[in-house]
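Participant: So here's final_37.txt, just compact mmCIF, C-alpha atoms:
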```txt
# COMPACT_ATOMS: atom_id res chain seq x y z
CA MET Y 1 180.97 4.70 197.62
CA ARG Y 2 181.59 1.56 195.58
CA ALA Y 3 179.02 -0.98 194.45
CA ARG Y 4 179.38 -3.25 197.41
CA SER Y 5 177.41 -3.98 200.48
CA VAL Y 6 178.15 -1.48 203.23
CA ARG Y 7 176.82 -1.53 206.77
CA LEU Y 8 178.07 1.38 208.71
CA GLY Y 9 177.87 1.18 212.46
CA HIS Y 10 176.76 3.94 214.67
CA PRO Y 11 179.39 6.30 216.01
CA ALA Y 12 180.57 5.62 219.50
CA ARG Y 13 178.69 7.36 222.20
CA ARG Y 14 180.53 9.66 224.51
CA THR Y 15 179.74 9.87 228.15
CA GLU Y 16 180.65 13.10 229.81
CA HIS Y 17 180.43 13.72 233.47
CA LYS Y 18 178.55 16.92 234.18
CA PRO Y 19 178.94 18.69 237.45
CA GLY Y 20 175.99 18.13 239.69
CA LEU Y 21 173.69 20.99 240.63
CA ARG Y 22 174.02 21.80 244.28
CA LEU Y 23 171.74 24.15 246.17
CA ALA Y 24 173.70 26.25 248.62
CA VAL Y 25 171.69 26.59 251.74
CA GLY Y 26 172.88 28.33 254.86
CA SER Y 27 171.90 27.50 258.36
CA PRO Y 28 168.13 27.88 258.21
CA PRO Y 29 166.07 28.99 261.16
CA ALA Y 30 164.56 26.34 263.38
CA ARG Y 31 161.11 26.75 261.89
CA TRP Y 32 162.43 25.90 258.40
CA ARG Y 33 164.36 22.74 259.30
CA THR Y 34 161.41 20.38 259.04
CA LEU Y 35 160.29 21.93 255.74
CA LEU Y 36 163.79 21.79 254.25
CA SER Y 37 164.27 18.16 255.33
CA ILE Y 38 161.02 17.04 253.68
CA GLY Y 39 161.75 19.15 250.57
CA SER Y 40 165.28 17.75 250.25
CA ARG Y 41 164.09 14.13 250.42
CA THR Y 42 161.33 14.81 247.90
CA LEU Y 43 163.72 16.62 245.55
CA PHE Y 44 166.30 13.81 245.77
CA GLY Y 45 163.66 11.22 244.90
CA LEU Y 46 162.42 13.26 241.95
CA LEU Y 47 166.02 13.74 240.73
CA LEU Y 48 166.69 9.99 240.82
CA ALA Y 49 163.45 9.32 238.95
CA SER Y 50 164.41 11.91 236.30
CA LEU Y 51 167.88 10.41 235.81
CA LEU Y 52 166.39 6.91 235.52
CA ALA Y 53 163.93 8.16 232.92
CA VAL Y 54 166.80 9.74 230.97
CA ALA Y 55 168.78 6.48 231.02
CA LEU Y 56 165.81 4.45 229.85
CA THR Y 57 165.01 6.97 227.14
CA SER Y 58 168.60 7.09 225.83
CA GLY Y 59 169.05 3.31 225.89
CA GLY Y 60 165.87 2.50 224.05
CA ALA Y 61 165.60 5.43 221.70
CA THR Y 62 166.93 3.59 218.68
CA ALA Y 63 165.03 0.43 219.40
CA ASP Y 64 161.80 2.38 219.87
CA ARG Y 65 162.18 4.17 216.60
CA LEU Y 66 163.25 1.28 214.43
CA GLU Y 67 160.37 -1.11 214.63
CA ALA Y 68 158.82 -3.35 212.01
CA PRO Y 69 157.35 -1.41 209.08
CA GLN Y 70 153.60 -0.94 209.18
CA PRO Y 71 151.17 0.70 206.76
CA GLY Y 72 151.68 4.05 208.52
CA GLY Y 73 155.42 4.07 207.79
CA HIS Y 74 156.89 2.99 211.15
CA PHE Y 75 160.40 1.80 211.95
CA GLU Y 76 161.84 -1.70 211.81
CA PRO Y 77 164.95 -2.96 213.62
CA ILE Y 78 168.29 -3.12 211.88
CA SER Y 79 169.06 -6.78 211.33
CA ALA Y 80 172.51 -8.08 211.95
CA ALA Y 81 172.19 -10.02 208.71
CA ARG Y 82 172.58 -6.74 206.80
CA LYS Y 83 176.19 -6.39 207.94
CA PHE Y 84 178.35 -7.84 205.24
CA SER Y 85 181.90 -8.90 205.66
CA ALA Y 86 184.70 -7.59 203.52
CA ARG Y 87 184.69 -10.84 201.59
CA ALA Y 88 180.99 -10.46 200.71
CA ARG Y 89 181.59 -6.90 199.58
CA GLU Y 90 184.38 -8.03 197.31
CA GLN Y 91 182.03 -10.56 195.76
CA ALA Y 92 179.43 -7.94 194.92
CA SER Y 93 178.50 -8.08 191.26
CA HIS Y 94 178.05 -4.34 190.73
CA PRO Y 95 181.44 -2.67 190.57
CA GLU Y 96 180.23 0.90 190.40
CA PRO Y 97 178.94 3.09 193.29
CA LEU Y 98 175.16 3.38 193.59
CA ILE Y 99 174.87 6.71 195.51
CA ALA Y 100 176.54 9.69 194.00
CA GLN Y 101 175.59 12.53 196.38
CA VAL Y 102 173.49 13.25 199.48
CA LEU Y 103 172.11 16.73 200.22
CA PHE Y 104 170.30 17.95 203.36
CA ASN Y 105 168.53 21.26 203.02
CA GLN Y 106 170.29 21.82 199.70
CA LYS Y 107 173.71 21.32 201.28
CA PRO Y 108 175.93 18.31 200.52
CA VAL Y 109 176.78 16.06 203.44
CA PRO Y 110 179.32 13.24 203.73
CA PHE Y 111 177.85 9.76 203.69
CA GLU Y 112 180.82 7.38 203.63
CA ARG Y 113 180.42 6.57 207.35
CA GLY Y 114 176.69 7.25 207.56
CA ILE Y 115 174.65 10.44 207.48
CA SER Y 116 174.47 12.66 210.54
CA VAL Y 117 172.60 15.92 209.99
CA GLY Y 118 170.63 18.46 211.96
CA PRO Y 119 169.70 19.82 214.31
CA GLY Y 120 166.07 20.03 213.32
CA ALA Y 121 163.93 18.58 210.54
CA GLY Y 122 164.84 19.12 206.91
CA ASP Y 123 164.73 17.89 203.30
CA LEU Y 124 166.96 14.91 202.46
CA GLU Y 125 167.89 14.40 198.79
CA ILE Y 126 169.69 11.27 197.59
CA ARG Y 127 171.16 11.23 194.07
CA PHE Y 128 172.15 7.91 192.53
CA ALA Y 129 175.02 7.35 190.13
CA PRO Y 130 173.91 6.80 186.51
CA PRO Y 131 174.09 3.14 185.35
CA ALA Y 132 176.89 1.93 183.14
CA SER Y 133 176.46 2.19 179.42
CA GLY Y 134 174.13 -0.47 178.10
CA ALA Y 135 173.18 -1.69 181.58
CA GLU Y 136 169.59 -2.50 182.27
CA ASP Y 137 169.82 -2.39 186.02
CA ARG Y 138 167.03 -1.06 188.18
CA LEU Y 139 167.39 0.51 191.62
CA ARG Y 140 165.11 -0.48 194.44
CA CYS Y 141 165.28 1.47 197.66
CA ARG Y 142 163.42 2.13 200.86
CA LEU Y 143 163.85 4.33 203.92
CA LEU Y 144 163.12 2.37 207.07
CA GLY Y 145 160.95 4.51 209.25
CA PHE Y 146 159.49 6.32 206.26
CA ASP Y 147 158.71 3.83 203.43
CA ALA Y 148 156.58 0.82 204.15
CA GLU Y 149 157.60 -1.02 200.95
CA TRP Y 150 160.38 -1.00 198.37
CA ARG Y 151 160.19 1.68 195.73
CA GLU Y 152 161.99 2.12 192.44
CA ALA Y 153 164.08 5.14 191.71
CA ASP Y 154 162.76 7.40 188.97
CA ARG Y 155 164.56 8.00 185.74
CA ALA Y 156 166.31 11.00 187.23
CA HIS Y 157 167.72 8.70 189.91
CA VAL Y 158 166.81 11.18 192.69
CA LEU Y 159 164.88 10.53 195.90
CA ARG Y 160 163.64 13.26 198.22
CA TYR Y 161 162.36 12.93 201.78
CA ARG Y 162 161.12 15.35 204.43
CA LEU Y 163 162.64 13.93 207.62
CA ALA Y 164 161.86 14.74 211.21
CA PRO Y 165 164.46 14.27 213.95
CA GLY Y 166 165.13 10.60 214.58
CA HIS Y 167 167.05 7.49 213.48
CA TYR Y 168 166.53 6.04 209.98
CA GLU Y 169 168.14 3.48 207.67
CA PHE Y 170 168.27 3.81 203.93
CA ASP Y 171 168.45 0.50 201.96
CA VAL Y 172 169.28 0.34 198.25
CA GLN Y 173 169.53 -2.67 195.94
CA ALA Y 174 170.48 -2.94 192.24
CA ASP Y 175 168.31 -5.37 190.29
CA GLY Y 176 168.70 -6.45 186.66
CA ARG Y 177 168.85 -9.38 184.29
CA ARG Y 178 172.50 -9.84 184.92
CA LEU Y 179 172.30 -9.01 188.61
CA ARG Y 180 170.29 -11.61 190.36
CA ASP Y 181 170.01 -11.57 194.14
CA SER Y 182 172.27 -8.52 194.46
CA ALA Y 183 173.29 -7.44 197.94
CA VAL Y 184 171.39 -4.75 199.87
CA GLU Y 185 173.41 -1.71 200.88
CA SER Y 186 172.37 0.03 204.09
CA LEU Y 187 173.10 3.59 205.04
CA PRO Y 188 172.27 4.76 208.60
CA ILE Y 189 170.77 8.24 208.86
CA ILE Y 190 170.56 10.26 212.07
CA VAL Y 191 168.67 13.56 212.12
CA HIS Y 192 169.60 15.22 215.37
CA PRO Y 193 166.84 17.09 217.15
CA PRO Y 194 167.27 20.64 218.42
CA PHE Y 195 168.86 20.85 221.82
CA TRP Y 196 165.54 21.73 223.47
CA GLN Y 197 164.11 18.41 222.26
CA THR Y 198 166.86 16.23 223.70
CA ALA Y 199 166.30 14.02 226.75
CA ALA Y 200 169.24 15.54 228.62
CA PHE Y 201 167.89 19.05 228.17
CA ARG Y 202 164.44 17.99 229.27
CA SER Y 203 165.84 16.28 232.34
CA GLN Y 204 167.76 19.41 233.24
CA CYS Y 205 164.59 21.42 232.73
CA VAL Y 206 162.72 19.07 235.06
CA VAL Y 207 165.38 19.45 237.74
CA PHE Y 208 165.46 23.20 237.24
CA LEU Y 209 161.68 23.41 237.46
CA LEU Y 210 161.68 21.40 240.67
CA LEU Y 211 164.27 23.69 242.21
CA LEU Y 212 162.36 26.71 240.94
CA ILE Y 213 159.12 25.40 242.43
CA LEU Y 214 160.83 24.87 245.78
CA LEU Y 215 162.32 28.35 245.67
CA LEU Y 216 159.01 29.91 244.65
CA HIS Y 217 157.27 28.03 247.44
CA ARG Y 218 159.69 29.40 250.01
CA LEU Y 219 159.39 32.90 248.59
CA ARG Y 220 155.61 32.57 248.54
CA VAL Y 221 155.49 31.50 252.18
CA ARG Y 222 157.79 34.36 253.16
CA PHE Y 223 155.73 36.82 251.14
CA LEU Y 224 152.47 35.61 252.68
CA LYS Y 225 153.85 35.94 256.20
CA LYS Y 226 155.17 39.41 255.49
CA ASN Y 227 151.92 40.41 253.82
CA ASN Y 228 149.98 39.00 256.76
CA ARG Y 229 151.97 41.11 259.18
CA LYS Y 230 151.42 44.19 257.08
CA LEU Y 231 147.73 43.38 256.82
CA GLN Y 232 147.43 43.03 260.58
CA GLU Y 233 149.20 46.35 261.08
CA THR Y 234 146.93 47.96 258.50
CA VAL Y 235 143.83 46.51 260.16
CA THR Y 236 144.97 47.76 263.56
CA GLN Y 237 145.74 51.20 262.20
CA THR Y 238 142.48 51.32 260.26
CA ARG Y 239 140.53 50.25 263.32
CA ALA Y 240 142.13 53.01 265.35
CA GLU Y 241 141.43 55.53 262.60
CA LEU Y 242 137.82 54.38 262.36
CA THR Y 243 137.42 54.68 266.12
CA LEU Y 244 138.86 58.17 266.04
CA THR Y 245 136.71 59.08 263.06
CA ALA Y 246 133.58 57.75 264.76
CA ARG Y 247 134.42 59.68 267.90
CA THR Y 248 135.06 62.83 265.88
CA ALA Y 249 131.83 62.33 263.97
CA ARG Y 250 129.92 61.80 267.21
CA ASP Y 251 131.44 64.93 268.72
CA ALA Y 252 130.67 66.85 265.56
CA GLN Y 253 127.12 65.54 265.61
CA GLU Y 254 126.72 66.58 269.21
CA ALA Y 255 128.20 69.97 268.38
CA LEU Y 256 125.83 70.39 265.45
CA LYS Y 257 122.93 69.28 267.57
CA GLU Y 258 123.92 71.73 270.25
CA GLN Y 259 124.34 74.49 267.70
CA ALA Y 260 120.90 73.68 266.35
CA LEU Y 261 119.35 73.77 269.84
CA LYS Y 262 121.44 76.39 271.62
CA ASP Y 263 121.53 80.14 271.29
CA GLY Y 264 124.86 81.30 269.97
CA LEU Y 265 125.06 84.47 272.08
CA THR Y 266 123.92 83.38 275.54
CA GLY Y 267 124.46 79.59 275.38
CA LEU Y 268 120.84 78.99 276.44
CA TRP Y 269 118.34 76.76 274.67
CA ASN Y 270 116.84 78.41 271.63
CA ARG Y 271 113.15 78.92 271.11
CA ARG Y 272 112.52 75.63 269.31
CA ALA Y 273 114.37 73.59 271.94
CA VAL Y 274 112.61 75.16 274.91
CA PHE Y 275 109.27 74.68 273.18
CA SER Y 276 110.06 70.96 272.73
CA MET Y 277 111.01 70.64 276.40
CA LEU Y 278 107.82 72.42 277.44
CA GLU Y 279 105.73 69.99 275.40
CA LYS Y 280 107.37 67.01 277.11
CA GLU Y 281 106.84 68.50 280.58
CA ILE Y 282 103.19 69.23 279.84
CA TYR Y 283 102.72 65.65 278.65
CA ARG Y 284 104.29 64.34 281.87
CA ALA Y 285 102.21 66.76 283.97
CA ARG Y 286 99.04 65.57 282.26
CA ARG Y 287 100.00 61.93 282.79
CA ASP Y 288 101.31 62.15 286.37
CA ARG Y 289 99.14 65.14 287.42
CA PHE Y 290 101.82 67.44 288.81
CA PRO Y 291 101.99 71.22 288.27
CA VAL Y 292 104.11 73.05 285.72
CA THR Y 293 104.82 76.79 285.78
CA VAL Y 294 106.16 78.97 283.01
CA VAL Y 295 108.03 82.23 283.66
CA MET Y 296 108.51 84.90 280.97
CA ILE Y 297 111.31 87.42 281.68
CA ASP Y 298 111.96 90.64 279.73
CA LEU Y 299 114.78 93.12 280.34
CA ASP Y 300 113.45 96.64 280.91
CA HIS Y 301 114.43 99.42 278.48
CA PHE Y 302 116.90 97.18 276.67
CA LYS Y 303 116.42 99.14 273.43
CA ASN Y 304 117.76 102.24 275.19
CA ILE Y 305 120.92 100.31 276.14
CA ASN Y 306 121.53 99.31 272.50
CA ASP Y 307 120.79 102.83 271.24
CA THR Y 308 122.93 104.54 273.87
CA PHE Y 309 125.90 102.21 274.36
CA GLY Y 310 125.75 100.07 271.20
CA HIS Y 311 124.89 96.50 270.42
CA PRO Y 312 128.16 95.01 271.79
CA THR Y 313 127.24 96.40 275.21
CA GLY Y 314 123.74 95.05 274.81
CA ASP Y 315 125.22 91.60 274.05
CA GLU Y 316 127.29 91.79 277.24
CA VAL Y 317 124.14 92.61 279.22
CA LEU Y 318 122.31 89.64 277.68
CA ARG Y 319 125.14 87.21 278.48
CA GLU Y 320 125.40 88.48 282.07
CA ALA Y 321 121.63 88.25 282.59
CA ALA Y 322 121.60 84.69 281.24
CA GLY Y 323 124.45 83.71 283.58
CA ARG Y 324 122.65 85.17 286.62
CA LEU Y 325 119.42 83.35 285.77
CA ILE Y 326 121.23 80.02 285.38
CA ALA Y 327 122.94 80.55 288.76
CA VAL Y 328 119.60 80.60 290.66
CA MET Y 329 117.86 77.81 288.71
CA ARG Y 330 117.23 74.28 289.92
CA PRO Y 331 119.04 71.42 288.14
CA TYR Y 332 115.83 70.20 286.52
CA ASP Y 333 114.55 73.64 285.35
CA PHE Y 334 114.84 74.77 281.72
CA ILE Y 335 115.63 78.20 280.42
CA GLY Y 336 115.79 79.43 276.85
CA ARG Y 337 116.07 82.65 274.91
CA TYR Y 338 112.57 83.35 273.68
CA GLY Y 339 113.23 86.55 271.73
CA GLY Y 340 115.64 89.48 271.57
CA GLU Y 341 115.76 90.33 275.30
CA GLU Y 342 113.12 87.86 276.51
CA PHE Y 343 113.80 84.61 278.38
CA LEU Y 344 111.42 81.68 278.94
CA VAL Y 345 111.84 79.52 282.06
CA VAL Y 346 110.05 76.16 282.53
CA LEU Y 347 109.63 75.07 286.17
CA PRO Y 348 108.50 71.42 286.46
CA SER Y 349 106.70 70.30 289.65
CA CYS Y 350 106.18 73.92 290.66
CA SER Y 351 102.78 75.41 291.57
CA SER Y 352 101.67 78.94 290.76
CA HIS Y 353 102.47 80.23 294.27
CA HIS Y 354 105.95 78.77 294.27
CA GLY Y 355 106.34 79.96 290.69
CA VAL Y 356 105.85 83.57 291.80
CA GLN Y 357 108.51 83.11 294.48
CA ARG Y 358 110.93 81.64 291.94
CA ALA Y 359 110.16 84.53 289.55
CA GLU Y 360 111.01 87.03 292.31
CA GLU Y 361 114.37 85.29 292.76
CA PHE Y 362 115.01 85.70 289.04
CA ARG Y 363 114.13 89.43 289.20
CA CYS Y 364 116.39 90.01 292.17
CA ALA Y 365 119.30 88.13 290.57
CA ILE Y 366 119.25 90.57 287.65
CA ALA Y 367 118.30 93.83 289.40
CA LEU Y 368 120.25 93.80 292.70
CA ARG Y 369 123.70 94.21 291.14
CA PRO Y 370 124.72 96.42 288.22
CA VAL Y 371 126.11 94.75 285.11
CA ILE Y 372 129.80 95.47 284.48
CA THR Y 373 130.34 96.29 280.79
CA ALA Y 374 132.96 97.99 278.66
CA ALA Y 375 130.89 101.18 278.87
CA GLY Y 376 130.83 100.97 282.67
CA PRO Y 377 128.42 99.50 285.22
CA LEU Y 378 124.79 99.55 284.13
CA ALA Y 379 121.70 99.14 286.34
CA VAL Y 380 119.49 96.57 284.64
CA THR Y 381 116.00 95.49 285.73
CA CYS Y 382 113.45 93.08 284.35
CA SER Y 383 109.72 92.44 284.25
CA VAL Y 384 108.41 88.93 284.93
CA GLY Y 385 105.16 87.19 283.99
CA VAL Y 386 104.10 83.88 285.55
CA ALA Y 387 101.53 81.36 284.30
CA ALA Y 388 100.63 77.93 285.72
CA TYR Y 389 99.48 74.93 283.69
CA ASP Y 390 95.82 73.89 283.82
CA ASP Y 391 94.40 70.59 282.64
CA ALA Y 392 94.07 70.17 278.85
CA MET Y 393 95.97 73.41 278.15
CA PRO Y 394 98.12 73.42 274.99
CA PRO Y 395 101.70 74.71 275.29
CA ASP Y 396 100.93 77.75 273.12
CA ASP Y 397 98.12 78.84 275.45
CA LEU Y 398 100.36 78.50 278.49
CA ILE Y 399 103.07 80.65 276.88
CA HIS Y 400 100.43 83.15 275.74
CA ARG Y 401 99.11 83.44 279.31
CA ALA Y 402 102.66 84.05 280.64
CA ASP Y 403 103.23 86.65 277.94
CA GLU Y 404 100.04 88.49 278.95
CA ALA Y 405 101.17 88.52 282.59
CA LEU Y 406 104.52 89.96 281.44
CA TYR Y 407 102.79 92.81 279.56
CA ARG Y 408 100.69 93.58 282.65
CA ALA Y 409 103.90 93.80 284.69
CA LYS Y 410 105.29 96.27 282.17
CA ARG Y 411 102.09 98.36 282.28
CA MET Y 412 102.29 98.42 286.07
CA GLY Y 413 105.70 100.07 286.02
CA ARG Y 414 108.23 97.27 285.22
CA ASN Y 415 110.74 95.68 287.63
CA CYS Y 416 107.99 93.53 289.13
CA VAL Y 417 106.38 90.10 288.92
CA CYS Y 418 102.79 89.52 287.79
CA ALA Y 419 100.83 86.26 287.78
CA GLY Y 420 97.23 85.28 287.14
CA LYS Y 421 94.58 85.25 284.38
CA PRO Y 422 93.12 88.28 282.64
CA GLY Y 423 89.88 89.51 284.29
CA LYS Y 424 90.78 87.86 287.59
CA THR Y 425 92.83 88.84 290.59
CA VAL Y 426 96.34 89.56 289.55
CA ALA Y 427 99.14 88.85 291.99
CA ARG Y 428 101.90 91.40 291.83
CA VAL Y 429 105.21 91.33 293.66
CA ASP Y 430 106.83 94.77 293.74
CA ALA Y 431 110.40 95.57 294.52
CA PRO Y 432 111.11 96.41 298.18
CA ARG Y 433 111.84 99.95 299.26
CA ASP Y 434 115.51 99.22 299.97
CA ASP Y 435 115.98 97.74 296.49
CA PRO Y 436 118.59 99.93 294.74
CA SER Y 437 117.00 99.15 291.41
CA ARG Y 438 113.58 100.29 292.51
CA GLY Y 439 113.83 103.95 291.59
CA ASP Y 440 110.65 105.92 291.02
CA ARG Y 441 108.19 103.06 290.24
CA MET Y 442 104.63 102.04 290.95
CA ARG Y 443 103.89 99.90 293.95
CA ALA Y 444 101.15 97.41 294.56
CA GLY Y 445 97.84 99.06 295.47
```
Mind converting the file's structure to structure tokens?
Facilitator:
Amino acid sequence: MRARSVRLGHPARRTEHKPGLRLAVGSPPARWRTLLSIGSRTLFGLLLASLLAVALTSGGATADRLEAPQPGGHFEPISAARKFSARAREQASHPEPLIAQVLFNQKPVPFERGISVGPGAGDLEIRFAPPASGAEDRLRCRLLGFDAEWREADRAHVLRYRLAPGHYEFDVQADGRRLRDSAVESLPIIVHPPFWQTAAFRSQCVVFLLLLILLLHRLRVRFLKKNNRKLQETVTQTRAELTLTARTARDAQEALKEQALKDGLTGLWNRRAVFSMLEKEIYRARRDRFPVTVVMIDLDHFKNINDTFGHPTGDEVLREAAGRLIAVMRPYDFIGRYGGEEFLVVLPSCSSHHGVQRAEEFRCAIALRPVITAAGPLAVTCSVGVAAYDDAMPPDDLIHRADEALYRAKRMGRNCVCAGKPGKTVARVDAPRDDPSRGDRMRAG
């Protein structure tokens, strides 16, 4: 570079046509046509706005950066007056070059046609040529966009700058006693930004993001619809499972309740359940003033059956006796297993006289036919005690009175029905003479 005024123009810009980005879309379903039409118009408008922003940014980038210098070190425009003709350069008074070498990040760069470095920020170092022997020239320089005022080069004739990406202009002027009003040499400097900081890349990113947002929206809508269908199927299946579980739990609860209230061998109510039913019937009888009769039934010589034929045979006899008693009961009567071979029958709305008749039906149902077992047919009889409810009588007293009548029937020879209170007239119903279960027994006196 010789000692003459040089104004290097910017390199010509190249315009390349890039293939447009086209979204291949097949024939969408009818329900997507409206959405795709609106999305296409919106996307086209956003694309035009992005391209317009890119054009405005590219056209005014240099002018925006090179503004008038301010105290903060801003840019100033390149004046056309700094361009010197070849004739002016020939008339320059300093025959020697002013700049000897330019380095960017410790690497030499050519500067004859301007400095173009990058991408990215870096350290710019400008080394000036030493003055001629005996010359008393001074070098004044400034970097438009970095220096607000002129500065003099140090004795080492080296200037260093830390430059960010952008457009700059370096001005240098030799000043001395013999060099009055020397020309100003200008050197354009362009620090290219990384590709991700360029306007074109950002515009492409904007377009890509818009397309990505549209795609994600469509995928999101499809996912939500699919998830909604799955959720509805899950809710339906869960509802059916809950209904089945509730039904199973209800059945299990009923089964447990029945197991807690029923006798496992005979299927009759157990002692606690029949006691509870008796309490309710006594309460109703006390409130509505209707009679209640309790019948206590005990199988005769049942211990001999267990000892002779075994407990399995005894269980068969108990099940058969329970079935025969249920067969002759009214729908609103209650029967339960009171003890080992004892049964308790509650007869609502039944007086003492009718209770004795019902008790005789129970005795005949058990005694008239032999019980068929694995050990063969067995003749089984029973003794029956009957007690009627009186006013203000607790349930325990009523059962105790029926139990006493049962023991009197056993003392009178078994296979009979006894009713009444101790110390009073006792009604006894004996088996008839033609009863095959009668045998050699006592008769009513």
Participant: To one decimal place in Å, what is the distance between atom CA of Ala148 of chain Y and atom CA of Phe170 of chain Y?
Facilitator: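 We find that atom CA of Ala148 of chain Y and atom CA of Phe170 of chain Y lie 12.1 Å from each other.
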Participant: For a test of reading the model, state the distance in Å between atom CA of Val158 of chain Y and atom CA of Val184 of chain Y, rounded to one decimal.
Facilitator: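 Going from atom CA of Val158 of chain Y over to atom CA of Val184 of chain Y covers 18.1 Å.
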Participant: Could you please determine the separation between atom CA of Asp315 of chain Y and atom CA of Ile335 of chain Y in Å, to one decimal place?
Facilitator: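 Separation of atom CA of Asp315 of chain Y and atom CA of Ile335 of chain Y: 17.7 Å.
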Participant: Point out the residue among Y:Pro377, Y:Pro348, Y:Pro331, Y:Gly310 with the least atom-to-atom distance to Phe290 of chain Y, counting all atoms listed in the file.
Facilitator: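 Result for the nearest residue to Phe290 of chain Y: Y:Pro348.
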Participant: Ser349 of chain Y: which residues within 10 Å, counting only C-alpha atoms, same-chain residues fewer than 4 positions away excluded, as an MDAnalysis selection string?
Facilitator: chainID Y and resid 281 285 289:293 332:333 354:355
Participant: Residues within 12 Å of Gln101 of chain Y, please, as a list in words. Count only C-alpha atoms; anything in the same chain fewer than 5 positions from it doesn't count.
Facilitator: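 Here the qualifying residues turn out to be Met1, Gln106, Lys107, Pro108, Val109, Pro110, Phe111, Glu112, Ile115, Leu124, Glu125, Ile126, Arg127, Phe128, Ala129, Pro130, His157, Val158 and Leu159 of chain Y.
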Participant: Restricting the calculation to all atoms listed in the file: of Y:Leu163, Y:Ile297, Y:Val317, Y:Ala322, which residue gets closest to Ala387 of chain Y?
Facilitator: Y:Ile297
Participant: My list of candidates is Y:Pro194, Y:Pro395, Y:Gly166, Y:Gly122. Which is closest to Val346 of chain Y when distances are computed with only C-alpha atoms?
Facilitator: Y:Pro395
Participant: May I ask which of the residues Y:Glu316, Y:Asp298, Y:Asp171, Y:Glu258 is the closest one to Leu378 of chain Y, counting all atoms listed in the file?
Facilitator: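 Closest residue, counting all atoms listed in the file: Y:Glu316.
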Participant: Go through Y:Val295, Y:Leu268, Y:Ala260, Y:Leu224 one by one, measure the shortest atom-to-atom distance of each to Arg401 of chain Y using only C-alpha atoms, and give the residue with the smallest value.
Facilitator: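 Ranking Y:Val295, Y:Leu268, Y:Ala260, Y:Leu224 by distance to Arg401 of chain Y, first place goes to Y:Val295.
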Participant: Applying 10 Å and all atoms listed in the file, which residues near Trp150 of chain Y remain after dropping the ones on its own chain fewer than 3 positions away? List them as a list in words.
Facilitator: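 Close residues of Trp150 of chain Y: Leu139, Arg140, Cys141, Arg142, Leu143, Leu144, Asp147, Ala153, Asp171, Val172 and Gln173 of chain Y.
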Participant: Can you tell me which residues surround Ser383 of chain Y at a distance of at most 12 Å, considering only C-alpha atoms, apart from same-chain residues fewer than 3 positions away, and format the answer as a ChimeraX atom specification?
Facilitator: /Y:295-302,341-343,359-360,362-364,366-367,380,386,402-419,428-431
Participant: Now that the selection is made, can you save its residues with C-alpha atoms as an mmCIF file, in the coordinates of the input?
Facilitator:
```cif
data_model
loop_
_atom_site.group_PDB
_atom_site.id
_atom_site.type_symbol
_atom_site.label_atom_id
_atom_site.label_comp_id
_atom_site.auth_asym_id
_atom_site.auth_seq_id
_atom_site.Cartn_x
_atom_site.Cartn_y
_atom_site.Cartn_z
ATOM 1 C CA VAL Y 295 108.030 82.230 283.660
ATOM 2 C CA MET Y 296 108.510 84.900 280.970
ATOM 3 C CA ILE Y 297 111.310 87.420 281.680
ATOM 4 C CA ASP Y 298 111.960 90.640 279.730
ATOM 5 C CA LEU Y 299 114.780 93.120 280.340
ATOM 6 C CA ASP Y 300 113.450 96.640 280.910
ATOM 7 C CA HIS Y 301 114.430 99.420 278.480
ATOM 8 C CA PHE Y 302 116.900 97.180 276.670
ATOM 9 C CA GLU Y 341 115.760 90.330 275.300
ATOM 10 C CA GLU Y 342 113.120 87.860 276.510
ATOM 11 C CA PHE Y 343 113.800 84.610 278.380
ATOM 12 C CA ALA Y 359 110.160 84.530 289.550
ATOM 13 C CA GLU Y 360 111.010 87.030 292.310
ATOM 14 C CA PHE Y 362 115.010 85.700 289.040
ATOM 15 C CA ARG Y 363 114.130 89.430 289.200
ATOM 16 C CA CYS Y 364 116.390 90.010 292.170
ATOM 17 C CA ILE Y 366 119.250 90.570 287.650
ATOM 18 C CA ALA Y 367 118.300 93.830 289.400
ATOM 19 C CA VAL Y 380 119.490 96.570 284.640
ATOM 20 C CA VAL Y 386 104.100 83.880 285.550
ATOM 21 C CA ALA Y 402 102.660 84.050 280.640
ATOM 22 C CA ASP Y 403 103.230 86.650 277.940
ATOM 23 C CA GLU Y 404 100.040 88.490 278.950
ATOM 24 C CA ALA Y 405 101.170 88.520 282.590
ATOM 25 C CA LEU Y 406 104.520 89.960 281.440
ATOM 26 C CA TYR Y 407 102.790 92.810 279.560
ATOM 27 C CA ARG Y 408 100.690 93.580 282.650
ATOM 28 C CA ALA Y 409 103.900 93.800 284.690
ATOM 29 C CA LYS Y 410 105.290 96.270 282.170
ATOM 30 C CA ARG Y 411 102.090 98.360 282.280
ATOM 31 C CA MET Y 412 102.290 98.420 286.070
ATOM 32 C CA GLY Y 413 105.700 100.070 286.020
ATOM 33 C CA ARG Y 414 108.230 97.270 285.220
ATOM 34 C CA ASN Y 415 110.740 95.680 287.630
ATOM 35 C CA CYS Y 416 107.990 93.530 289.130
ATOM 36 C CA VAL Y 417 106.380 90.100 288.920
ATOM 37 C CA CYS Y 418 102.790 89.520 287.790
ATOM 38 C CA ALA Y 419 100.830 86.260 287.780
ATOM 39 C CA ARG Y 428 101.900 91.400 291.830
ATOM 40 C CA VAL Y 429 105.210 91.330 293.660
ATOM 41 C CA ASP Y 430 106.830 94.770 293.740
ATOM 42 C CA ALA Y 431 110.400 95.570 294.520
#
```
